[in-house]
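Pasted below: input-v2.cif, mmCIF, C-alpha atoms, pLDDT in the B column; chains and numbers go by the auth columns.
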```
data_target
loop_
_atom_site.group_PDB
_atom_site.id
_atom_site.type_symbol
_atom_site.label_atom_id
_atom_site.label_comp_id
_atom_site.label_asym_id
_atom_site.label_seq_id
_atom_site.Cartn_x
_atom_site.Cartn_y
_atom_site.Cartn_z
_atom_site.B_iso_or_equiv
_atom_site.auth_seq_id
_atom_site.auth_asym_id
ATOM 1 C CA TYR A 1 13.852 -4.582 5.967 98.00 15 A
ATOM 2 C CA PHE A 2 15.855 -1.689 7.357 98.00 16 A
ATOM 3 C CA PHE A 3 14.211 1.480 8.611 98.00 17 A
ATOM 4 C CA TYR A 4 16.527 4.461 9.130 98.00 18 A
ATOM 5 C CA PHE A 5 14.952 7.135 11.310 97.00 19 A
ATOM 6 C CA CYS A 6 15.871 10.282 13.212 95.00 20 A
ATOM 7 C CA ALA A 7 15.085 11.148 16.817 94.00 21 A
ATOM 8 C CA GLU A 8 16.609 13.784 19.086 93.00 22 A
ATOM 9 C CA GLN A 9 18.842 14.887 16.180 92.00 23 A
ATOM 10 C CA LYS A 10 20.378 11.419 15.995 95.00 24 A
ATOM 11 C CA ILE A 11 19.891 8.611 13.468 98.00 25 A
ATOM 12 C CA GLY A 12 18.923 5.077 14.341 98.00 26 A
ATOM 13 C CA VAL A 13 18.168 1.906 12.399 98.00 27 A
ATOM 14 C CA ALA A 14 15.402 -0.602 13.029 98.00 28 A
ATOM 15 C CA THR A 15 14.702 -3.930 11.342 98.00 29 A
ATOM 16 C CA ASN A 16 11.871 -6.343 10.686 98.00 30 A
ATOM 17 C CA SER A 17 11.142 -9.274 8.388 97.00 31 A
ATOM 18 C CA ARG A 18 8.160 -7.412 6.913 97.00 32 A
ATOM 19 C CA PRO A 19 7.924 -3.845 5.574 96.00 33 A
ATOM 20 C CA THR A 20 4.840 -3.210 7.698 95.00 34 A
ATOM 21 C CA GLY A 21 6.715 -3.863 10.971 91.00 35 A
ATOM 22 C CA LYS A 22 6.699 -4.081 13.887 96.00 36 A
ATOM 23 C CA PHE A 23 10.238 -2.683 13.672 98.00 37 A
ATOM 24 C CA ALA A 24 12.738 -3.104 16.490 97.00 38 A
ATOM 25 C CA ASP A 25 15.887 -1.083 17.133 97.00 39 A
ATOM 26 C CA ALA A 26 18.757 -3.068 15.619 98.00 40 A
ATOM 27 C CA LEU A 27 21.482 -1.567 17.812 98.00 41 A
ATOM 28 C CA GLU A 28 19.793 -0.265 20.967 96.00 42 A
ATOM 29 C CA ARG A 29 21.807 2.900 20.432 97.00 43 A
ATOM 30 C CA PRO A 30 22.099 5.625 17.766 97.00 44 A
ATOM 31 C CA LEU A 31 23.779 4.648 14.514 98.00 45 A
ATOM 32 C CA ILE A 32 24.909 8.265 14.004 97.00 46 A
ATOM 33 C CA SER A 33 25.200 11.083 16.534 94.00 47 A
ATOM 34 C CA PRO A 34 26.194 14.711 15.874 90.00 48 A
ATOM 35 C CA SER A 35 29.747 15.724 16.703 91.00 49 A
ATOM 36 C CA LYS A 36 32.082 18.709 16.550 91.00 50 A
ATOM 37 C CA GLU A 37 34.043 16.919 13.837 93.00 51 A
ATOM 38 C CA TYR A 38 30.945 16.555 11.651 92.00 52 A
ATOM 39 C CA PRO A 39 28.763 19.580 12.525 88.00 53 A
ATOM 40 C CA GLY A 40 25.099 19.976 11.684 87.00 54 A
ATOM 41 C CA GLN A 41 22.044 18.064 12.802 91.00 55 A
ATOM 42 C CA ALA A 42 22.112 14.306 12.228 96.00 56 A
ATOM 43 C CA ILE A 43 18.690 14.108 10.563 97.00 57 A
ATOM 44 C CA ASP A 44 17.008 13.144 7.288 97.00 58 A
ATOM 45 C CA PRO A 45 18.711 9.796 6.611 98.00 59 A
ATOM 46 C CA PHE A 46 18.476 8.420 3.084 98.00 60 A
ATOM 47 C CA ALA A 47 19.681 4.950 2.102 98.00 61 A
ATOM 48 C CA PHE A 48 20.777 4.278 -1.480 98.00 62 A
ATOM 49 C CA ILE A 49 21.879 0.938 -2.934 98.00 63 A
ATOM 50 C CA ASP A 50 24.016 1.224 -6.063 98.00 64 A
ATOM 51 C CA ASP A 51 23.966 -1.150 -9.029 97.00 65 A
ATOM 52 C CA ASP A 52 26.915 -3.084 -7.610 97.00 66 A
ATOM 53 C CA GLY A 53 25.048 -3.747 -4.349 97.00 67 A
ATOM 54 C CA GLN A 54 27.035 -1.260 -2.268 98.00 68 A
ATOM 55 C CA ALA A 55 24.774 0.619 0.136 98.00 69 A
ATOM 56 C CA TYR A 56 25.269 4.234 1.194 98.00 70 A
ATOM 57 C CA LEU A 57 23.644 6.274 3.927 98.00 71 A
ATOM 58 C CA TYR A 58 23.317 10.017 3.351 98.00 72 A
ATOM 59 C CA TYR A 59 22.145 12.441 6.007 98.00 73 A
ATOM 60 C CA GLY A 60 22.466 15.909 7.455 97.00 74 A
ATOM 61 C CA GLN A 61 21.079 19.366 7.995 96.00 75 A
ATOM 62 C CA GLY A 62 23.431 22.184 7.076 94.00 76 A
ATOM 63 C CA ASN A 63 25.880 19.621 5.677 96.00 77 A
ATOM 64 C CA ILE A 64 25.527 16.439 3.624 97.00 78 A
ATOM 65 C CA TYR A 65 27.498 13.461 4.868 98.00 79 A
ATOM 66 C CA ALA A 66 27.700 10.047 3.233 98.00 80 A
ATOM 67 C CA TYR A 67 28.718 6.754 4.797 98.00 81 A
ATOM 68 C CA LYS A 68 29.305 3.437 3.135 98.00 82 A
ATOM 69 C CA LEU A 69 27.273 0.731 4.842 98.00 83 A
ATOM 70 C CA LYS A 70 28.674 -2.729 5.432 98.00 84 A
ATOM 71 C CA PRO A 71 26.695 -5.709 4.058 98.00 85 A
ATOM 72 C CA ASP A 72 24.779 -6.097 7.336 98.00 86 A
ATOM 73 C CA MET A 73 23.256 -2.625 6.655 98.00 87 A
ATOM 74 C CA VAL A 74 23.635 -1.588 10.309 98.00 88 A
ATOM 75 C CA THR A 75 27.406 -0.997 10.449 98.00 89 A
ATOM 76 C CA LEU A 76 29.142 2.093 9.092 98.00 90 A
ATOM 77 C CA GLU A 77 32.323 1.610 7.069 97.00 91 A
ATOM 78 C CA GLY A 78 35.022 4.175 7.726 95.00 92 A
ATOM 79 C CA ALA A 79 34.545 7.895 8.165 95.00 93 A
ATOM 80 C CA PRO A 80 31.812 9.873 6.410 97.00 94 A
ATOM 81 C CA VAL A 81 32.466 11.915 3.289 97.00 95 A
ATOM 82 C CA LYS A 82 31.367 15.546 3.490 97.00 96 A
ATOM 83 C CA MET A 83 29.826 16.618 0.178 96.00 97 A
ATOM 84 C CA THR A 84 27.853 19.794 0.936 96.00 98 A
ATOM 85 C CA PRO A 85 26.798 21.909 -2.063 96.00 99 A
ATOM 86 C CA ARG A 86 26.048 25.611 -1.745 93.00 100 A
ATOM 87 C CA ARG A 87 22.694 26.556 -0.215 96.00 101 A
ATOM 88 C CA PHE A 88 22.029 23.027 1.030 97.00 102 A
ATOM 89 C CA ASN A 89 19.692 22.880 4.009 97.00 103 A
ATOM 90 C CA GLU A 90 18.205 19.395 4.395 97.00 104 A
ATOM 91 C CA GLY A 91 16.280 16.509 2.833 97.00 105 A
ATOM 92 C CA ILE A 92 18.972 14.809 0.745 98.00 106 A
ATOM 93 C CA PHE A 93 17.605 12.363 -1.844 98.00 107 A
ATOM 94 C CA VAL A 94 19.662 10.435 -4.416 98.00 108 A
ATOM 95 C CA ILE A 95 18.710 8.729 -7.669 98.00 109 A
ATOM 96 C CA LYS A 96 20.754 7.220 -10.470 98.00 110 A
ATOM 97 C CA ARG A 97 19.811 7.535 -14.140 98.00 111 A
ATOM 98 C CA ASN A 98 21.867 6.523 -17.174 97.00 112 A
ATOM 99 C CA GLY A 99 24.965 6.104 -15.022 97.00 113 A
ATOM 100 C CA LEU A 100 24.695 9.589 -13.505 98.00 114 A
ATOM 101 C CA TYR A 101 23.993 10.258 -9.828 98.00 115 A
ATOM 102 C CA TYR A 102 21.496 12.999 -9.037 98.00 116 A
ATOM 103 C CA PHE A 103 21.726 14.593 -5.587 98.00 117 A
ATOM 104 C CA MET A 104 18.591 16.513 -4.665 98.00 118 A
ATOM 105 C CA TRP A 105 17.882 18.583 -1.558 98.00 119 A
ATOM 106 C CA SER A 106 15.788 21.339 0.003 98.00 120 A
ATOM 107 C CA GLN A 107 16.950 24.934 0.327 98.00 121 A
ATOM 108 C CA ASN A 108 15.786 27.523 2.869 97.00 122 A
ATOM 109 C CA ASP A 109 13.712 26.654 5.938 96.00 123 A
ATOM 110 C CA ALA A 110 10.551 24.519 5.817 96.00 124 A
ATOM 111 C CA ARG A 111 8.628 27.408 7.403 96.00 125 A
ATOM 112 C CA ASP A 112 9.744 29.781 4.638 97.00 126 A
ATOM 113 C CA VAL A 113 7.527 30.292 1.583 97.00 127 A
ATOM 114 C CA ARG A 114 10.769 30.018 -0.421 97.00 128 A
ATOM 115 C CA TYR A 115 11.388 26.399 0.629 98.00 129 A
ATOM 116 C CA GLU A 116 12.440 24.757 -2.636 98.00 130 A
ATOM 117 C CA VAL A 117 14.110 21.762 -4.279 98.00 131 A
ATOM 118 C CA ALA A 118 17.477 21.969 -6.042 98.00 132 A
ATOM 119 C CA TYR A 119 19.897 19.395 -7.426 98.00 133 A
ATOM 120 C CA GLY A 120 23.388 18.611 -8.600 98.00 134 A
ATOM 121 C CA THR A 121 25.021 15.622 -10.290 98.00 135 A
ATOM 122 C CA SER A 122 28.088 13.450 -9.960 98.00 136 A
ATOM 123 C CA LYS A 123 29.742 10.509 -11.656 98.00 137 A
ATOM 124 C CA SER A 124 30.342 8.993 -8.217 98.00 138 A
ATOM 125 C CA PRO A 125 28.017 8.203 -5.286 98.00 139 A
ATOM 126 C CA LEU A 126 30.486 10.068 -3.054 98.00 140 A
ATOM 127 C CA GLY A 127 30.761 13.217 -5.158 95.00 141 A
ATOM 128 C CA PRO A 128 31.981 15.762 -5.766 97.00 142 A
ATOM 129 C CA ILE A 129 28.623 17.292 -6.659 98.00 143 A
ATOM 130 C CA GLU A 130 28.579 19.461 -9.767 98.00 144 A
ATOM 131 C CA ILE A 131 25.954 22.213 -9.796 97.00 145 A
ATOM 132 C CA PRO A 132 24.309 22.940 -13.161 96.00 146 A
ATOM 133 C CA PRO A 133 23.112 26.452 -13.983 92.00 147 A
ATOM 134 C CA ASP A 134 19.643 27.309 -12.677 95.00 148 A
ATOM 135 C CA ASN A 135 19.495 24.147 -10.572 98.00 149 A
ATOM 136 C CA VAL A 136 16.291 24.914 -8.625 98.00 150 A
ATOM 137 C CA ILE A 137 13.615 22.659 -10.099 98.00 151 A
ATOM 138 C CA LEU A 138 10.673 23.239 -7.738 98.00 152 A
ATOM 139 C CA GLN A 139 9.777 26.507 -6.042 98.00 153 A
ATOM 140 C CA GLN A 140 6.853 28.656 -4.977 97.00 154 A
ATOM 141 C CA ARG A 141 4.350 29.822 -7.551 96.00 155 A
ATOM 142 C CA GLY A 142 1.097 31.574 -6.798 95.00 156 A
ATOM 143 C CA ARG A 143 -0.635 30.005 -3.802 94.00 157 A
ATOM 144 C CA GLU A 144 1.779 27.062 -3.881 96.00 158 A
ATOM 145 C CA VAL A 145 4.504 27.958 -1.394 98.00 159 A
ATOM 146 C CA GLY A 146 6.908 26.026 0.807 98.00 160 A
ATOM 147 C CA THR A 147 7.401 23.458 -1.966 98.00 161 A
ATOM 148 C CA GLY A 148 10.152 21.192 -0.674 97.00 162 A
ATOM 149 C CA HIS A 149 11.349 18.149 1.258 97.00 163 A
ATOM 150 C CA HIS A 150 10.665 15.697 -1.513 98.00 164 A
ATOM 151 C CA ALA A 151 11.104 12.089 -2.556 98.00 165 A
ATOM 152 C CA VAL A 152 11.345 10.560 -6.045 98.00 166 A
ATOM 153 C CA VAL A 153 9.982 7.285 -7.399 97.00 167 A
ATOM 154 C CA GLN A 154 10.501 5.573 -10.737 97.00 168 A
ATOM 155 C CA THR A 155 7.948 3.381 -12.450 95.00 169 A
ATOM 156 C CA PRO A 156 9.820 0.047 -12.623 95.00 170 A
ATOM 157 C CA GLY A 157 11.207 -0.803 -16.044 95.00 171 A
ATOM 158 C CA THR A 158 10.525 2.662 -17.471 96.00 172 A
ATOM 159 C CA ASP A 159 12.052 6.133 -17.610 97.00 173 A
ATOM 160 C CA ARG A 160 8.943 7.561 -15.948 96.00 174 A
ATOM 161 C CA TRP A 161 9.687 9.460 -12.728 97.00 175 A
ATOM 162 C CA TYR A 162 7.548 11.210 -10.134 97.00 176 A
ATOM 163 C CA ILE A 163 8.397 13.727 -7.435 98.00 177 A
ATOM 164 C CA ILE A 164 6.476 13.775 -4.152 97.00 178 A
ATOM 165 C CA TYR A 165 6.832 16.905 -2.050 98.00 179 A
ATOM 166 C CA HIS A 166 5.015 18.958 0.534 96.00 180 A
ATOM 167 C CA ARG A 167 3.715 22.497 0.404 97.00 181 A
ATOM 168 C CA HIS A 168 2.147 24.790 2.974 98.00 182 A
ATOM 169 C CA ALA A 169 -1.492 23.713 3.145 97.00 183 A
ATOM 170 C CA ILE A 170 -4.066 25.709 1.165 96.00 184 A
ATOM 171 C CA PRO A 171 -5.612 27.688 2.797 94.00 185 A
ATOM 172 C CA ASP A 172 -3.994 28.810 6.020 93.00 186 A
ATOM 173 C CA GLY A 173 -0.994 26.478 5.903 96.00 187 A
ATOM 174 C CA ASN A 174 2.510 27.015 7.213 96.00 188 A
ATOM 175 C CA GLY A 175 5.691 25.070 7.885 94.00 189 A
ATOM 176 C CA TYR A 176 3.820 22.824 10.317 95.00 190 A
ATOM 177 C CA THR A 177 0.504 22.495 8.452 97.00 191 A
ATOM 178 C CA ARG A 178 1.315 20.943 5.093 97.00 192 A
ATOM 179 C CA GLN A 179 -0.136 19.024 2.169 97.00 193 A
ATOM 180 C CA THR A 180 1.544 16.299 0.117 96.00 194 A
ATOM 181 C CA CYS A 181 1.723 16.729 -3.667 96.00 195 A
ATOM 182 C CA LEU A 182 2.665 14.474 -6.592 95.00 196 A
ATOM 183 C CA ALA A 183 3.966 15.547 -10.005 96.00 197 A
ATOM 184 C CA ARG A 184 5.787 14.149 -13.017 95.00 198 A
ATOM 185 C CA MET A 185 9.539 14.731 -13.049 97.00 199 A
ATOM 186 C CA GLU A 186 11.080 14.761 -16.510 97.00 200 A
ATOM 187 C CA PHE A 187 14.543 15.148 -18.008 98.00 201 A
ATOM 188 C CA THR A 188 15.950 17.042 -20.972 97.00 202 A
ATOM 189 C CA ALA A 189 17.810 15.242 -23.747 97.00 203 A
ATOM 190 C CA ASP A 190 21.135 16.141 -22.126 96.00 204 A
ATOM 191 C CA GLY A 191 20.100 14.752 -18.726 97.00 205 A
ATOM 192 C CA ARG A 192 19.071 17.871 -16.848 98.00 206 A
ATOM 193 C CA ILE A 193 16.029 17.735 -14.588 98.00 207 A
ATOM 194 C CA GLN A 194 13.262 19.902 -15.998 98.00 208 A
ATOM 195 C CA LYS A 195 11.508 22.408 -13.773 98.00 209 A
ATOM 196 C CA VAL A 196 8.359 21.140 -12.064 97.00 210 A
ATOM 197 C CA ASP A 197 5.350 23.453 -12.236 96.00 211 A
ATOM 198 C CA PRO A 198 3.484 23.228 -8.912 95.00 212 A
ATOM 199 C CA LEU A 199 0.370 24.694 -10.564 94.00 213 A
ATOM 200 C CA ALA A 200 0.246 22.140 -13.396 90.00 214 A
ATOM 201 C CA PRO A 201 -2.747 19.749 -13.510 84.00 215 A
ATOM 202 C CA GLY A 202 -2.484 16.702 -11.289 75.00 216 A
ATOM 203 C CA VAL A 203 -1.076 13.363 -12.430 76.00 217 A
ATOM 204 C CA SER A 204 -3.586 11.238 -14.348 72.00 218 A
ATOM 205 C CA PRO A 205 -4.099 7.584 -13.303 66.00 219 A
ATOM 206 C CA ASP A 206 -2.642 6.331 -16.611 63.00 220 A
#
```
Could you render the structure from this file as structure tokens?
Amino acid sequence: YFFYFCAEQKIGVATNSRPTGKFADALERPLISPSKEYPGQAIDPFAFIDDDGQAYLYYGQGNIYAYKLKPDMVTLEGAPVKMTPRRFNEGIFVIKRNGLYYFMWSQNDARDVRYEVAYGTSKSPLGPIEIPPDNVILQQRGREVGTGHHAVVQTPGTDRWYIIYHRHAIPDGNGYTRQTCLARMEFTADGRIQKVDPLAPGVSPD
């Protein structure tokens, strides 16, 4: 098991034979550090393994960078690919559905009530990212504000998807006092992600 984490605006990788740990640093040094050549904070790592077994590591704040990972999962292959879409801030997350790659991210600052989730698509795990019209799928509504920095899970063997995100806690929340929320994430017939209503009833157990 490989655990990619950020600390001091750098990214490390730790390993263990069990998902519950105890994890140990695999390199005893950062896997990725910020540089003038690749500006922006080295945070929010996300690992994605494609259908062919190739692993990729995406990360960044202000810019999205993507590395291929070698089979040992702790060695970077070549230089990163910069694939920053407009208004990207942080929290890159990637899924693949029906052969199409969906790149999702958070816009604005986590302390801002306008923190929100947007997306783009590509036919390749390394972009370029195409931005559909009206690509913000989760944003403030009513008392639900700061709706961003998400993850997505798929029920195995189905086309049932869920988005997990945080909002400013109700009441008296802010960018540092948050609550975690869960909602269905659905697609249109042509493959677009439908907007998620943060005020919709919660997900039922079935």
- Message: Can you pull out the residues contacting Asp66 of chain A? Cut-off 12 Å, using all atoms listed in the file, and skip same-chain residues under 3 positions away; I want them as a VMD selection string.
- Response: chain A and resid 62 to 63 69 to 70 85 113 139
So which residues touch Arg192 of chain A within 7 Å, counting all atoms listed in the file, skipping near sequence neighbours fewer than 5 positions away, as a short mmCIF file (atom, residue, chain, number, x, y, z; two decimals) with C-alpha atoms, in the frame of the given file?
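File written: selection36.cif
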```
data_model
loop_
_atom_site.label_atom_id
_atom_site.label_comp_id
_atom_site.auth_asym_id
_atom_site.auth_seq_id
_atom_site.Cartn_x
_atom_site.Cartn_y
_atom_site.Cartn_z
CA HIS A 180 5.01 18.96 0.53
CA ARG A 181 3.72 22.50 0.40
CA HIS A 182 2.15 24.79 2.97
CA ALA A 183 -1.49 23.71 3.14
CA GLY A 187 -0.99 26.48 5.90
#
```
- Fewer than 3 positions away in the same chain doesn't count, so skip those; otherwise give me all residues within 10 Å of segment 23-33 of chain A, counting only C-alpha atoms, as number ranges by chain. A: 15-20, 36-48, 54-59, 73-75, 87-89
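Using only C-alpha atoms, the nearest neighbour of Arg100 of chain A within the list A:Glu158, A:Glu22, A:Glu144, A:Asp186 is A:Glu144.
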- Task: Kindly indicate which residue among A:Asn103, A:Ser49, A:Ile109, A:Asp126 lies nearest to Ala61 of chain A, using all atoms listed in the file for the distances.
- Result: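 The shortest atom-to-atom distance to Ala61 of chain A comes from A:Ile109.
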- Query: Care to translate the PyMOL selection byres ((chain A and resi 163) around 9) into actual residues of this file, as a PyMOL selection string?
  - Reply: chain A and resi 104-106+119-121+124+129-131+161-162+164-165+178-181
For C-alpha atoms, I'd like the residues from the last selection saved as a compact mmCIF listing (two decimals), in the frame of the given file.
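Heads up, here's the output in part03.txt:
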```txt
# COMPACT_ATOMS: atom_id res chain seq x y z
CA GLU A 104 18.20 19.40 4.39
CA GLY A 105 16.28 16.51 2.83
CA ILE A 106 18.97 14.81 0.74
CA TRP A 119 17.88 18.58 -1.56
CA SER A 120 15.79 21.34 0.00
CA GLN A 121 16.95 24.93 0.33
CA ALA A 124 10.55 24.52 5.82
CA TYR A 129 11.39 26.40 0.63
CA GLU A 130 12.44 24.76 -2.64
CA VAL A 131 14.11 21.76 -4.28
CA THR A 161 7.40 23.46 -1.97
CA GLY A 162 10.15 21.19 -0.67
CA HIS A 164 10.66 15.70 -1.51
CA ALA A 165 11.10 12.09 -2.56
CA ILE A 178 6.48 13.78 -4.15
CA TYR A 179 6.83 16.90 -2.05
CA HIS A 180 5.01 18.96 0.53
CA ARG A 181 3.72 22.50 0.40
```
- Task: Evaluate the PyMOL selection byres ((chain A and resi 201) around 12) and record the selected residues as a ChimeraX atom specification, following the chain and residue labels used in the document.
- Result: /A:111-112,116,151,173-176,198-200,202-210
Write a file of the selected residues as a compact mmCIF listing (two decimals), keeping the file's coordinate frame, keeping C-alpha atoms.
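Below is the file that was written, again-v8.txt:
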```txt
# COMPACT_ATOMS: atom_id res chain seq x y z
CA ARG A 111 19.81 7.54 -14.14
CA ASN A 112 21.87 6.52 -17.17
CA TYR A 116 21.50 13.00 -9.04
CA ILE A 151 13.62 22.66 -10.10
CA ASP A 173 12.05 6.13 -17.61
CA ARG A 174 8.94 7.56 -15.95
CA TRP A 175 9.69 9.46 -12.73
CA TYR A 176 7.55 11.21 -10.13
CA ARG A 198 5.79 14.15 -13.02
CA MET A 199 9.54 14.73 -13.05
CA GLU A 200 11.08 14.76 -16.51
CA THR A 202 15.95 17.04 -20.97
CA ALA A 203 17.81 15.24 -23.75
CA ASP A 204 21.14 16.14 -22.13
CA GLY A 205 20.10 14.75 -18.73
CA ARG A 206 19.07 17.87 -16.85
CA ILE A 207 16.03 17.74 -14.59
CA GLN A 208 13.26 19.90 -16.00
CA LYS A 209 11.51 22.41 -13.77
CA VAL A 210 8.36 21.14 -12.06
```
- Suppose you want the space between atom CA of Phe107 of chain A and atom CA of Gly156 of chain A; what is it in Å?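 Separating atom CA of Phe107 of chain A from atom CA of Gly156 of chain A is a distance of 25.8 Å.
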Result set, the PyMOL selection byres ((chain A and resi 99) around 12) on current file, as an mmCIF file with C-alpha atoms, keeping the file's coordinate frame:
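Written output follows (part_36.cif):
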```cif
data_model
loop_
_atom_site.group_PDB
_atom_site.id
_atom_site.type_symbol
_atom_site.label_atom_id
_atom_site.label_comp_id
_atom_site.auth_asym_id
_atom_site.auth_seq_id
_atom_site.Cartn_x
_atom_site.Cartn_y
_atom_site.Cartn_z
ATOM 1 C CA GLN A 75 21.079 19.366 7.995
ATOM 2 C CA GLY A 76 23.431 22.184 7.076
ATOM 3 C CA ASN A 77 25.880 19.621 5.677
ATOM 4 C CA ILE A 78 25.527 16.439 3.624
ATOM 5 C CA TYR A 79 27.498 13.461 4.868
ATOM 6 C CA LYS A 96 31.367 15.546 3.490
ATOM 7 C CA MET A 97 29.826 16.618 0.178
ATOM 8 C CA THR A 98 27.853 19.794 0.936
ATOM 9 C CA ARG A 100 26.048 25.611 -1.745
ATOM 10 C CA ARG A 101 22.694 26.556 -0.215
ATOM 11 C CA PHE A 102 22.029 23.027 1.030
ATOM 12 C CA ASN A 103 19.692 22.880 4.009
ATOM 13 C CA GLU A 104 18.205 19.395 4.395
ATOM 14 C CA ILE A 106 18.972 14.809 0.745
ATOM 15 C CA PHE A 117 21.726 14.593 -5.587
ATOM 16 C CA MET A 118 18.591 16.513 -4.665
ATOM 17 C CA TRP A 119 17.882 18.583 -1.558
ATOM 18 C CA SER A 120 15.788 21.339 0.003
ATOM 19 C CA GLN A 121 16.950 24.934 0.327
ATOM 20 C CA ALA A 132 17.477 21.969 -6.042
ATOM 21 C CA TYR A 133 19.897 19.395 -7.426
ATOM 22 C CA GLY A 134 23.388 18.611 -8.600
ATOM 23 C CA THR A 135 25.021 15.622 -10.290
ATOM 24 C CA SER A 136 28.088 13.450 -9.960
ATOM 25 C CA GLY A 141 30.761 13.217 -5.158
ATOM 26 C CA PRO A 142 31.981 15.762 -5.766
ATOM 27 C CA ILE A 143 28.623 17.292 -6.659
ATOM 28 C CA GLU A 144 28.579 19.461 -9.767
ATOM 29 C CA ILE A 145 25.954 22.213 -9.796
ATOM 30 C CA PRO A 146 24.309 22.940 -13.161
ATOM 31 C CA ASN A 149 19.495 24.147 -10.572
#
```
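With only C-alpha atoms as the atoms that count, the minimum distance from Leu140 of chain A to the choices A:Pro94, A:Pro53, A:Gly216, A:Gly67 is reached by A:Pro94.
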- Query: So how many Å separate atom CA of Leu71 of chain A and atom CA of Lys50 of chain A, to one decimal?
  - Reply: 19.6 Å
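Interatomic distance, atom CA of Ala21 of chain A to atom CA of Leu196 of chain A: 26.7 Å.
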- Message: When you look at Arg125 of chain A with a cut-off of 9 Å (counting all atoms listed in the file), what residues show up, excluding the ones that are within fewer than 6 positions of it in the same chain? I need them as a list of chain:residue names.
- Response: A:Gly160, A:His182, A:Asn188, A:Gly189, A:Tyr190
- Task: Can you work out which one of A:Thr191, A:Ile177, A:Arg157, A:Ser138 has the shortest atom-to-atom distance to Val217 of chain A, counting all atoms listed in the file?
- Result: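 Nearest to Val217 of chain A: A:Ile177.
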- Message: Given only C-alpha atoms as the basis, pick out the residue of A:Lys137, A:Pro185, A:Ser218, A:Lys110 nearest to Asp65 of chain A.
- Response: A:Lys110
With 6 Å added on each side, what axis-aligned box encloses every listed atom of segment 172-189 of chain A? Give the centre and edge lengths in Å to one decimal, as JSON.
```
{"center_x": 3.2, "center_y": 15.7, "center_z": -4.9, "size_x": 29.7, "size_y": 38.1, "size_z": 37.5}
```
